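K.L.:
This is the structure, below, for whatever I ask next.
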Amino acid sequence: MIAAAGHGLPWDLIGARLGADEGSLARVLTSGESLLVTDYAELVRPPETASVRGCAGAAVPIQWNGRVGGALSAATTAPHSEFGKEQLELLAELADLAAAALEHASERRQFDELIEAHVEALAAAMDMRDRRTARHSEDVVRLAIAVGNLLHLDAASLVELEFAARLHDVGKIRVPDAVLHKPGPLDEQEYDVIRCHSAWGAETLAGIPGLEAVAAVVRFHHERWDGAGYPDGLSGARIPLGSRIICACDAYAAMTADRPYRDAMDSDKALQEIVCGCGSQFDPAVVDALSDAVAEMD
Ligand SMILES: [Fe+2]
Ligand SMILES: [Fe+2]
């Protein structure tokens with residue numbers, strides 16, 4: 001067991017590993033029963049507890065979902081004073097609160113892991129379909145995170161941005177091979193099919209609990225600042241910030257990558273193109289941040 005937190009105990013005890021045979025606290029963990037002792041040192045035996053030697057102590061289990069996940073112990077502040085039933089009940093209430101918080105944290109962790117697994121599975125499906133999209137998505141993730149940091153996005157928005165950047169073209173899974181892998185230039189009808197990918201991607205993601213916000217960012221990643229984009233023709237700040245970031249990073253990443261029909265553009269030239277679209281295709285604040293991000297990466 002690990003001493004996770006404490007008050008009034010020597011600081012170096014926190015984080016210390018206590019053996020299952022060290023003190024009767026281990027009994028609380030194995031039996032799930034509360035315990036009252038006349039000497040706190042009986043509960044936790046290492047010498048660090050010398051300061052509370054002779055003080056009465058109590059320990060209660062912290063349990064949720066039918067298993068004991070820890071124990072909460074306390075000592076009286078003065079030697080030879082009593083540790084009564086009332087205090088034990090109070091300690092048990094505190095242990096219940098701790099259990100509720102730990103249970104919530106563990107559920108949250110499981111939910112986050114599930115979301116991440118979904119993102120990974122979809123990204124893997126997308127990568128299998130089209131290797132070029134896989135490399136492209138990684139470039140967009142790297143740039144988008146750098147831009148998001150420069151625009152001071154909070155931690156939750158950064159995670160959302162990372163997932164959306166990774167999956168922004170996931171809707172291309174539904175684009176037929178004849179169009180997706182067509183070697184020559186696409187005709188207007190084929191472009192119309194390609195243009196469906198942002199809405200298709202959003203549809204797929206919206207069906208996964210926890211990815212609703214990511215779905216919205218994906219839906220709007222081809223909207224333009226001036227409202228001439230797709231699928232909904234949103235303009236300006238009505239386009240989610242994550243979508244505006246991905247839009248500019250997407251264009252920059254596409255220009256700086258090799259394509260079968262042309263060589264990669266160098267970074268300066270690609271940035272010039274992005275700056276040309278500042279205020280028409282792209283959000284000016286995002287263009288500034290992307291320029292700074294690229295300068296930092298060089
Ligand atoms: Fe796209
Ligand atoms: Fe893209």
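Letters A, B, ... mark the chains of the structure tokens in the order given; residue numbers begin at 1 per chain; ligand numbers begin at 1, in order shown.
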Determine, using only C-alpha atoms and all ligand atoms, which residues of chain A have any atom at most 7 Å from an atom of ligand 2, and tabulate each with its shortest atom pair and distance in Å to one decimal place, rows ordered by chain and then rising number, as CSV.
P.N.:
residue,atom,partner,partner_atom_place_in_ligand_line,distance
A:His136,CA,ligand 2,1 (Fe),6.7
A:Ser137,CA,ligand 2,1 (Fe),6.7
A:His168,CA,ligand 2,1 (Fe),6.3
A:Asp169,CA,ligand 2,1 (Fe),5.5
A:Asp250,CA,ligand 2,1 (Fe),4.9
K.L.:
May I have the selected residues written with N, CA and C atoms, as a PDB file, in the first residue's frame?
P.N.:
ATOM      1  N   HIS A 136      -0.500  12.501 -43.590  1.00  0.00           N
ATOM      2  CA  HIS A 136      -1.056  13.849 -43.621  1.00  0.00           C
ATOM      3  C   HIS A 136      -1.702  14.194 -42.271  1.00  0.00           C
ATOM      4  N   SER A 137      -2.468  13.237 -41.707  1.00  0.00           N
ATOM      5  CA  SER A 137      -3.145  13.498 -40.427  1.00  0.00           C
ATOM      6  C   SER A 137      -2.137  13.760 -39.325  1.00  0.00           C
ATOM      7  N   HIS A 168      -9.751  14.354 -38.983  1.00  0.00           N
ATOM      8  CA  HIS A 168     -10.499  15.343 -39.769  1.00  0.00           C
ATOM      9  C   HIS A 168     -10.943  14.789 -41.125  1.00  0.00           C
ATOM     10  N   ASP A 169     -10.153  13.872 -41.699  1.00  0.00           N
ATOM     11  CA  ASP A 169     -10.530  13.319 -43.008  1.00  0.00           C
ATOM     12  C   ASP A 169     -11.107  11.906 -42.921  1.00  0.00           C
ATOM     13  N   ASP A 250      -4.278  22.114 -42.203  1.00  0.00           N
ATOM     14  CA  ASP A 250      -4.563  21.140 -43.251  1.00  0.00           C
ATOM     15  C   ASP A 250      -3.991  21.631 -44.590  1.00  0.00           C
TER      16      ASP A 250
END
K.L.:
Determine, counting only C-alpha atoms, which protein, DNA and RNA residues have an atom within 10 Å of an atom of Leu151 in chain A; residues of the same chain fewer than 2 positions away are not included. Present the result as a PyMOL selection string.
P.N.:
chain A and resi 145-149+153-154+241+245+285-286+288-290
K.L.:
Quick one: contact table of chain A to ligand 1, 10 Å max, nearest atom pair and distance in Å to one decimal per residue, counting only C-alpha atoms and all ligand atoms, chain and number order, as JSON lines?
P.N.:
{"residue": "A:Thr133", "atom": "CA", "partner": "ligand 1", "partner_atom_place_in_ligand_line": "1 (Fe)", "distance": 9.7}
{"residue": "A:Ser137", "atom": "CA", "partner": "ligand 1", "partner_atom_place_in_ligand_line": "1 (Fe)", "distance": 9.7}
{"residue": "A:Ala165", "atom": "CA", "partner": "ligand 1", "partner_atom_place_in_ligand_line": "1 (Fe)", "distance": 9.7}
{"residue": "A:Leu167", "atom": "CA", "partner": "ligand 1", "partner_atom_place_in_ligand_line": "1 (Fe)", "distance": 9.3}
{"residue": "A:His168", "atom": "CA", "partner": "ligand 1", "partner_atom_place_in_ligand_line": "1 (Fe)", "distance": 5.9}
{"residue": "A:Asp169", "atom": "CA", "partner": "ligand 1", "partner_atom_place_in_ligand_line": "1 (Fe)", "distance": 4.7}
{"residue": "A:Val170", "atom": "CA", "partner": "ligand 1", "partner_atom_place_in_ligand_line": "1 (Fe)", "distance": 8.4}
{"residue": "A:Gly171", "atom": "CA", "partner": "ligand 1", "partner_atom_place_in_ligand_line": "1 (Fe)", "distance": 8.3}
{"residue": "A:Lys172", "atom": "CA", "partner": "ligand 1", "partner_atom_place_in_ligand_line": "1 (Fe)", "distance": 8.1}
{"residue": "A:Ile194", "atom": "CA", "partner": "ligand 1", "partner_atom_place_in_ligand_line": "1 (Fe)", "distance": 8.6}
{"residue": "A:Arg195", "atom": "CA", "partner": "ligand 1", "partner_atom_place_in_ligand_line": "1 (Fe)", "distance": 7.9}
{"residue": "A:Cys196", "atom": "CA", "partner": "ligand 1", "partner_atom_place_in_ligand_line": "1 (Fe)", "distance": 9.3}
{"residue": "A:His197", "atom": "CA", "partner": "ligand 1", "partner_atom_place_in_ligand_line": "1 (Fe)", "distance": 6.7}
{"residue": "A:Ser198", "atom": "CA", "partner": "ligand 1", "partner_atom_place_in_ligand_line": "1 (Fe)", "distance": 6.0}
{"residue": "A:Ala199", "atom": "CA", "partner": "ligand 1", "partner_atom_place_in_ligand_line": "1 (Fe)", "distance": 9.8}
{"residue": "A:Gly201", "atom": "CA", "partner": "ligand 1", "partner_atom_place_in_ligand_line": "1 (Fe)", "distance": 9.3}
{"residue": "A:Val218", "atom": "CA", "partner": "ligand 1", "partner_atom_place_in_ligand_line": "1 (Fe)", "distance": 8.2}
{"residue": "A:Arg219", "atom": "CA", "partner": "ligand 1", "partner_atom_place_in_ligand_line": "1 (Fe)", "distance": 9.1}
{"residue": "A:Phe220", "atom": "CA", "partner": "ligand 1", "partner_atom_place_in_ligand_line": "1 (Fe)", "distance": 9.3}
{"residue": "A:His221", "atom": "CA", "partner": "ligand 1", "partner_atom_place_in_ligand_line": "1 (Fe)", "distance": 6.5}
{"residue": "A:His222", "atom": "CA", "partner": "ligand 1", "partner_atom_place_in_ligand_line": "1 (Fe)", "distance": 6.4}
{"residue": "A:Ile246", "atom": "CA", "partner": "ligand 1", "partner_atom_place_in_ligand_line": "1 (Fe)", "distance": 9.0}
{"residue": "A:Cys247", "atom": "CA", "partner": "ligand 1", "partner_atom_place_in_ligand_line": "1 (Fe)", "distance": 8.0}
{"residue": "A:Asp250", "atom": "CA", "partner": "ligand 1", "partner_atom_place_in_ligand_line": "1 (Fe)", "distance": 7.4}
{"residue": "A:Ala251", "atom": "CA", "partner": "ligand 1", "partner_atom_place_in_ligand_line": "1 (Fe)", "distance": 9.1}
K.L.:
Keeping N, CA and C atoms, export the residues of the selection given above as an mmCIF file, in the first residue's frame.
P.N.:
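Produced file out22.cif, reproduced below:
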data_model
loop_
_atom_site.group_PDB
_atom_site.id
_atom_site.type_symbol
_atom_site.label_atom_id
_atom_site.label_comp_id
_atom_site.auth_asym_id
_atom_site.auth_seq_id
_atom_site.Cartn_x
_atom_site.Cartn_y
_atom_site.Cartn_z
ATOM 1 N N THR A 133 -3.144 9.599 -46.367
ATOM 2 C CA THR A 133 -3.975 10.318 -45.397
ATOM 3 C C THR A 133 -3.399 10.169 -43.999
ATOM 4 N N SER A 137 -2.468 13.237 -41.707
ATOM 5 C CA SER A 137 -3.145 13.498 -40.427
ATOM 6 C C SER A 137 -2.137 13.760 -39.325
ATOM 7 N N ALA A 165 -8.045 16.712 -35.283
ATOM 8 C CA ALA A 165 -7.001 16.818 -36.314
ATOM 9 C C ALA A 165 -6.654 15.426 -36.842
ATOM 10 N N LEU A 167 -8.573 12.891 -36.966
ATOM 11 C CA LEU A 167 -9.692 12.262 -37.686
ATOM 12 C C LEU A 167 -10.384 13.209 -38.670
ATOM 13 N N HIS A 168 -9.751 14.354 -38.983
ATOM 14 C CA HIS A 168 -10.499 15.343 -39.769
ATOM 15 C C HIS A 168 -10.943 14.789 -41.125
ATOM 16 N N ASP A 169 -10.153 13.872 -41.699
ATOM 17 C CA ASP A 169 -10.530 13.319 -43.008
ATOM 18 C C ASP A 169 -11.107 11.906 -42.921
ATOM 19 N N VAL A 170 -11.583 11.529 -41.703
ATOM 20 C CA VAL A 170 -12.074 10.143 -41.527
ATOM 21 C C VAL A 170 -13.241 9.836 -42.472
ATOM 22 N N GLY A 171 -13.983 10.875 -42.877
ATOM 23 C CA GLY A 171 -15.107 10.675 -43.797
ATOM 24 C C GLY A 171 -14.667 10.172 -45.158
ATOM 25 N N LYS A 172 -13.358 10.299 -45.460
ATOM 26 C CA LYS A 172 -12.864 9.808 -46.760
ATOM 27 C C LYS A 172 -12.963 8.292 -46.873
ATOM 28 N N ILE A 194 -15.987 14.081 -52.961
ATOM 29 C CA ILE A 194 -14.918 14.355 -51.990
ATOM 30 C C ILE A 194 -15.392 15.360 -50.934
ATOM 31 N N ARG A 195 -16.132 16.370 -51.382
ATOM 32 C CA ARG A 195 -16.589 17.421 -50.469
ATOM 33 C C ARG A 195 -17.535 16.889 -49.387
ATOM 34 N N CYS A 196 -18.098 15.719 -49.627
ATOM 35 C CA CYS A 196 -18.989 15.143 -48.610
ATOM 36 C C CYS A 196 -18.208 14.652 -47.397
ATOM 37 N N HIS A 197 -16.861 14.534 -47.521
ATOM 38 C CA HIS A 197 -16.131 13.822 -46.468
ATOM 39 C C HIS A 197 -16.204 14.498 -45.096
ATOM 40 N N SER A 198 -16.320 15.830 -45.062
ATOM 41 C CA SER A 198 -16.350 16.469 -43.738
ATOM 42 C C SER A 198 -17.674 16.161 -43.019
ATOM 43 N N ALA A 199 -18.789 16.203 -43.761
ATOM 44 C CA ALA A 199 -20.080 15.876 -43.148
ATOM 45 C C ALA A 199 -20.159 14.374 -42.816
ATOM 46 N N GLY A 201 -17.647 12.371 -42.079
ATOM 47 C CA GLY A 201 -16.791 12.149 -40.908
ATOM 48 C C GLY A 201 -17.516 12.557 -39.629
ATOM 49 N N VAL A 218 -14.821 18.493 -36.837
ATOM 50 C CA VAL A 218 -14.542 17.812 -38.112
ATOM 51 C C VAL A 218 -15.505 18.306 -39.206
ATOM 52 N N ARG A 219 -16.773 18.465 -38.832
ATOM 53 C CA ARG A 219 -17.771 18.889 -39.834
ATOM 54 C C ARG A 219 -17.382 20.203 -40.521
ATOM 55 N N PHE A 220 -16.814 21.110 -39.718
ATOM 56 C CA PHE A 220 -16.577 22.458 -40.253
ATOM 57 C C PHE A 220 -15.131 22.718 -40.676
ATOM 58 N N HIS A 221 -14.317 21.670 -40.889
ATOM 59 C CA HIS A 221 -12.910 21.957 -41.162
ATOM 60 C C HIS A 221 -12.645 22.451 -42.588
ATOM 61 N N HIS A 222 -13.694 22.461 -43.442
ATOM 62 C CA HIS A 222 -13.516 23.070 -44.770
ATOM 63 C C HIS A 222 -14.364 24.325 -44.947
ATOM 64 N N ILE A 246 -7.652 23.700 -37.774
ATOM 65 C CA ILE A 246 -7.379 22.539 -38.631
ATOM 66 C C ILE A 246 -7.391 22.955 -40.105
ATOM 67 N N CYS A 247 -8.293 23.853 -40.467
ATOM 68 C CA CYS A 247 -8.402 24.312 -41.854
ATOM 69 C C CYS A 247 -7.061 24.854 -42.357
ATOM 70 N N ASP A 250 -4.278 22.114 -42.203
ATOM 71 C CA ASP A 250 -4.563 21.140 -43.251
ATOM 72 C C ASP A 250 -3.991 21.631 -44.590
ATOM 73 N N ALA A 251 -4.277 22.910 -44.908
ATOM 74 C CA ALA A 251 -3.802 23.474 -46.181
ATOM 75 C C ALA A 251 -2.274 23.521 -46.201
#
K.L.:
Which one of A:Leu90, A:Pro183, A:Arg174, A:Asn65 sits closest to Glu203 in chain A if you count only C-alpha atoms?
P.N.:
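Result for the nearest residue to Glu203 in chain A: A:Arg174.
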K.L.:
Compile the contact shell of Ala257 in chain A as a list in words: residues with an atom at most 12 Å away, counting only C-alpha atoms, same-chain residues fewer than 5 positions apart removed.
P.N.:
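Listing them by chain and then by number gives Arg132, Thr133, Arg135, His136, Ser137, Glu138, Asp139, Val140, Asp250, Ala251, Tyr252, Arg262, Asp263, Ala264, Met265, Asp266, Ser267 and Ala270 of chain A.
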K.L.:
Considering only C-alpha atoms, state which residue in the set A:Gly70, A:Gly57, A:Gly15, A:Gly210 is at the smallest distance from Glu116 in chain A.
P.N.:
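The closest residue to Glu116 in chain A is A:Gly210.
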K.L.:
Expressed in Å to a single decimal, how great is the separation between CA of Ser106 in chain A and CA of Gly207 in chain A?
P.N.:
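Distance reported for this atom pair: 23.6 Å.
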K.L.:
I'd like the interatomic distance between CA of Ala117 in chain A and CA of Met297 in chain A, to a tenth of an Å.
P.N.:
29.3 Å
K.L.:
Please list as a list of chain:residue names every residue within 12 Å of Glu93 in chain A, counting only C-alpha atoms and excluding residues in the same chain fewer than 3 positions away.
P.N.:
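The residues that qualify are A:Val60, A:Pro61, A:Ile62, A:Gln63, A:Leu72, A:Glu86, A:Gln87, A:Leu88, A:Glu89, A:Leu90, A:Asp96, A:Leu97, A:Ala98, A:Ala99, A:Ala100.
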K.L.:
List every residue of range 69-293 of chain A that DSSP, applied to the backbone, labels as helix (DSSP H, G or I), and write the result as a short mmCIF file (atom, residue, chain, number, x, y, z; two decimals) with C-alpha atoms, in the first residue's frame.
P.N.:
data_model
loop_
_atom_site.label_atom_id
_atom_site.label_comp_id
_atom_site.auth_asym_id
_atom_site.auth_seq_id
_atom_site.Cartn_x
_atom_site.Cartn_y
_atom_site.Cartn_z
CA LYS A 85 -17.22 6.11 18.28
CA GLU A 86 -18.36 9.51 17.06
CA GLN A 87 -14.97 10.32 15.57
CA LEU A 88 -14.91 6.89 13.98
CA GLU A 89 -18.27 7.61 12.32
CA LEU A 90 -16.97 10.95 11.08
CA LEU A 91 -13.91 9.21 9.69
CA ALA A 92 -16.17 6.68 7.93
CA GLU A 93 -18.13 9.55 6.35
CA LEU A 94 -14.90 11.10 5.10
CA ALA A 95 -13.87 7.71 3.72
CA ASP A 96 -17.20 7.52 1.84
CA LEU A 97 -16.54 10.93 0.30
CA ALA A 98 -13.04 9.81 -0.69
CA ALA A 99 -14.51 6.62 -2.19
CA ALA A 100 -17.06 8.61 -4.22
CA ALA A 101 -14.31 10.89 -5.58
CA LEU A 102 -12.05 7.94 -6.42
CA GLU A 103 -14.90 6.05 -8.08
CA HIS A 104 -15.76 9.10 -10.17
CA ALA A 105 -12.10 9.54 -11.17
CA SER A 106 -11.79 5.88 -12.13
CA GLU A 107 -15.00 5.98 -14.21
CA ARG A 108 -13.77 9.16 -15.90
CA ARG A 109 -10.45 7.46 -16.67
CA GLN A 110 -12.21 4.42 -18.12
CA PHE A 111 -14.44 6.69 -20.25
CA ASP A 112 -11.40 8.64 -21.51
CA GLU A 113 -9.62 5.38 -22.36
CA LEU A 114 -12.69 4.20 -24.25
CA ILE A 115 -12.83 7.43 -26.26
CA GLU A 116 -9.13 7.16 -27.04
CA ALA A 117 -9.58 3.56 -28.15
CA HIS A 118 -12.37 4.66 -30.52
CA VAL A 119 -10.18 7.41 -31.95
CA GLU A 120 -7.31 4.97 -32.44
CA ALA A 121 -9.56 2.38 -34.11
CA LEU A 122 -11.01 4.91 -36.53
CA ALA A 123 -7.58 6.38 -37.26
CA ALA A 124 -6.24 2.87 -37.95
CA ALA A 125 -9.16 2.14 -40.31
CA MET A 126 -8.47 5.41 -42.10
CA ASP A 127 -4.72 4.69 -42.32
CA MET A 128 -5.36 1.25 -43.81
CA ARG A 129 -7.58 2.74 -46.48
CA ARG A 131 -1.45 5.58 -46.29
CA ARG A 132 -1.09 9.14 -47.57
CA THR A 133 -3.97 10.32 -45.40
CA ALA A 134 -2.26 8.75 -42.36
CA ARG A 135 0.95 10.75 -42.82
CA HIS A 136 -1.06 13.85 -43.62
CA SER A 137 -3.15 13.50 -40.43
CA GLU A 138 -0.02 13.22 -38.29
CA ASP A 139 1.33 16.46 -39.82
CA VAL A 140 -1.97 18.21 -39.16
CA VAL A 141 -2.01 17.00 -35.53
CA ARG A 142 1.50 18.34 -34.92
CA LEU A 143 0.74 21.74 -36.43
CA ALA A 144 -2.71 22.07 -34.88
CA ILE A 145 -1.41 21.35 -31.36
CA ALA A 146 1.36 23.93 -31.80
CA VAL A 147 -1.17 26.53 -33.02
CA GLY A 148 -3.65 25.58 -30.25
CA ASN A 149 -0.93 26.12 -27.64
CA LEU A 150 -0.02 29.51 -29.10
CA ALA A 155 -6.25 21.33 -21.83
CA ALA A 156 -9.67 19.85 -22.70
CA SER A 157 -9.89 21.86 -25.94
CA LEU A 158 -6.38 20.74 -26.88
CA VAL A 159 -7.35 17.06 -26.51
CA GLU A 160 -10.48 17.71 -28.58
CA LEU A 161 -8.33 19.47 -31.20
CA GLU A 162 -5.85 16.60 -31.30
CA PHE A 163 -8.62 14.03 -31.88
CA ALA A 164 -10.30 16.20 -34.50
CA ALA A 165 -7.00 16.82 -36.31
CA ARG A 166 -6.24 13.09 -36.31
CA LEU A 167 -9.69 12.26 -37.69
CA VAL A 170 -12.07 10.14 -41.53
CA GLY A 171 -15.11 10.68 -43.80
CA LYS A 172 -12.86 9.81 -46.76
CA ILE A 173 -13.37 6.17 -45.75
CA ARG A 174 -16.77 6.48 -47.46
CA ASP A 177 -11.79 3.97 -54.45
CA ALA A 178 -12.34 5.15 -58.01
CA VAL A 179 -12.48 8.72 -56.72
CA LEU A 180 -10.14 8.52 -53.70
CA GLU A 188 -16.68 18.39 -60.77
CA GLN A 189 -18.90 15.46 -59.83
CA GLU A 190 -16.01 13.64 -58.24
CA TYR A 191 -15.12 16.79 -56.29
CA ASP A 192 -18.71 16.88 -55.02
CA VAL A 193 -18.21 13.37 -53.62
CA ILE A 194 -14.92 14.36 -51.99
CA ARG A 195 -16.59 17.42 -50.47
CA HIS A 197 -16.13 13.82 -46.47
CA SER A 198 -16.35 16.47 -43.74
CA ALA A 199 -20.08 15.88 -43.15
CA TRP A 200 -19.64 12.08 -43.44
CA GLY A 201 -16.79 12.15 -40.91
CA ALA A 202 -18.89 14.22 -38.49
CA GLU A 203 -21.80 11.78 -38.86
CA THR A 204 -19.57 8.84 -37.92
CA LEU A 205 -18.05 10.64 -34.93
CA ALA A 206 -21.33 12.07 -33.63
CA GLU A 212 -19.78 14.90 -30.16
CA ALA A 213 -17.64 18.06 -29.91
CA VAL A 214 -14.91 16.46 -32.05
CA ALA A 215 -17.62 15.68 -34.63
CA ALA A 216 -18.56 19.37 -34.85
CA VAL A 217 -14.92 20.40 -35.33
CA VAL A 218 -14.54 17.81 -38.11
CA ARG A 219 -17.77 18.89 -39.83
CA GLY A 236 -16.00 34.06 -39.09
CA ALA A 237 -16.27 33.20 -35.41
CA ARG A 238 -19.36 31.02 -36.07
CA LEU A 241 -12.03 27.62 -33.42
CA GLY A 242 -10.77 24.02 -33.68
CA SER A 243 -12.10 23.82 -37.25
CA ARG A 244 -10.45 27.13 -38.17
CA ILE A 245 -7.13 25.86 -36.79
CA ILE A 246 -7.38 22.54 -38.63
CA CYS A 247 -8.40 24.31 -41.85
CA ALA A 248 -5.19 26.36 -42.03
CA CYS A 249 -2.92 23.52 -40.77
CA ASP A 250 -4.56 21.14 -43.25
CA ALA A 251 -3.80 23.47 -46.18
CA TYR A 252 -0.21 24.05 -45.02
CA ALA A 253 0.39 20.31 -44.45
CA ALA A 254 -1.06 19.43 -47.88
CA MET A 255 1.14 21.97 -49.67
CA SER A 267 7.79 25.94 -46.12
CA ASP A 268 8.20 29.67 -46.98
CA LYS A 269 6.22 29.37 -50.19
CA ALA A 270 3.44 27.42 -48.44
CA LEU A 271 3.24 30.01 -45.65
CA GLN A 272 3.02 32.76 -48.29
CA GLU A 273 0.01 30.95 -49.77
CA ILE A 274 -1.60 30.73 -46.34
CA VAL A 275 -0.97 34.45 -45.71
CA CYS A 276 -2.61 35.18 -49.11
CA PRO A 284 -6.23 35.96 -39.36
CA ALA A 285 -5.45 35.03 -35.72
CA VAL A 286 -4.88 31.42 -36.77
CA VAL A 287 -2.65 32.49 -39.69
CA ASP A 288 -0.49 34.53 -37.27
CA ALA A 289 -0.23 31.62 -34.85
CA LEU A 290 0.57 29.15 -37.66
CA SER A 291 3.35 31.43 -38.95
CA ASP A 292 4.82 31.58 -35.43
CA ALA A 293 4.43 27.82 -34.97
#
K.L.:
Just asking: which residues within range 25-217 of chain A are strand (DSSP E or B) according to DSSP, as a list in words?
P.N.:
Leu35, Leu36, Val37, Gly57, Ala58, Ala59, Val60, Pro61, Ile62, Gln63, Trp64, Arg67, Val68, Gly69, Gly70, Ala71, Leu72, Ser73, Ala74 and Ala75 of chain A
K.L.:
When you look at Met1 in chain A with a cut-off of 8 Å (counting only C-alpha atoms), what residues show up, excluding the ones that are within fewer than 3 positions of it in the same chain? I need them as a ChimeraX atom specification.
P.N.:
/A:17-20,70
K.L.:
Residues within 12 Å of Ala75 in chain A, please, as a VMD selection string. Count only C-alpha atoms; anything in the same chain fewer than 6 positions from it doesn't count.
P.N.:
chain A and resid 6 to 9 35 to 44 49 51 to 59 81 to 84 87 to 88 91
K.L.:
Hey, can you check how far CA of Pro231 in chain A sits from CA of Asp283 in chain A?
P.N.:
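CA of Pro231 in chain A sits 17.4 Å away from CA of Asp283 in chain A.
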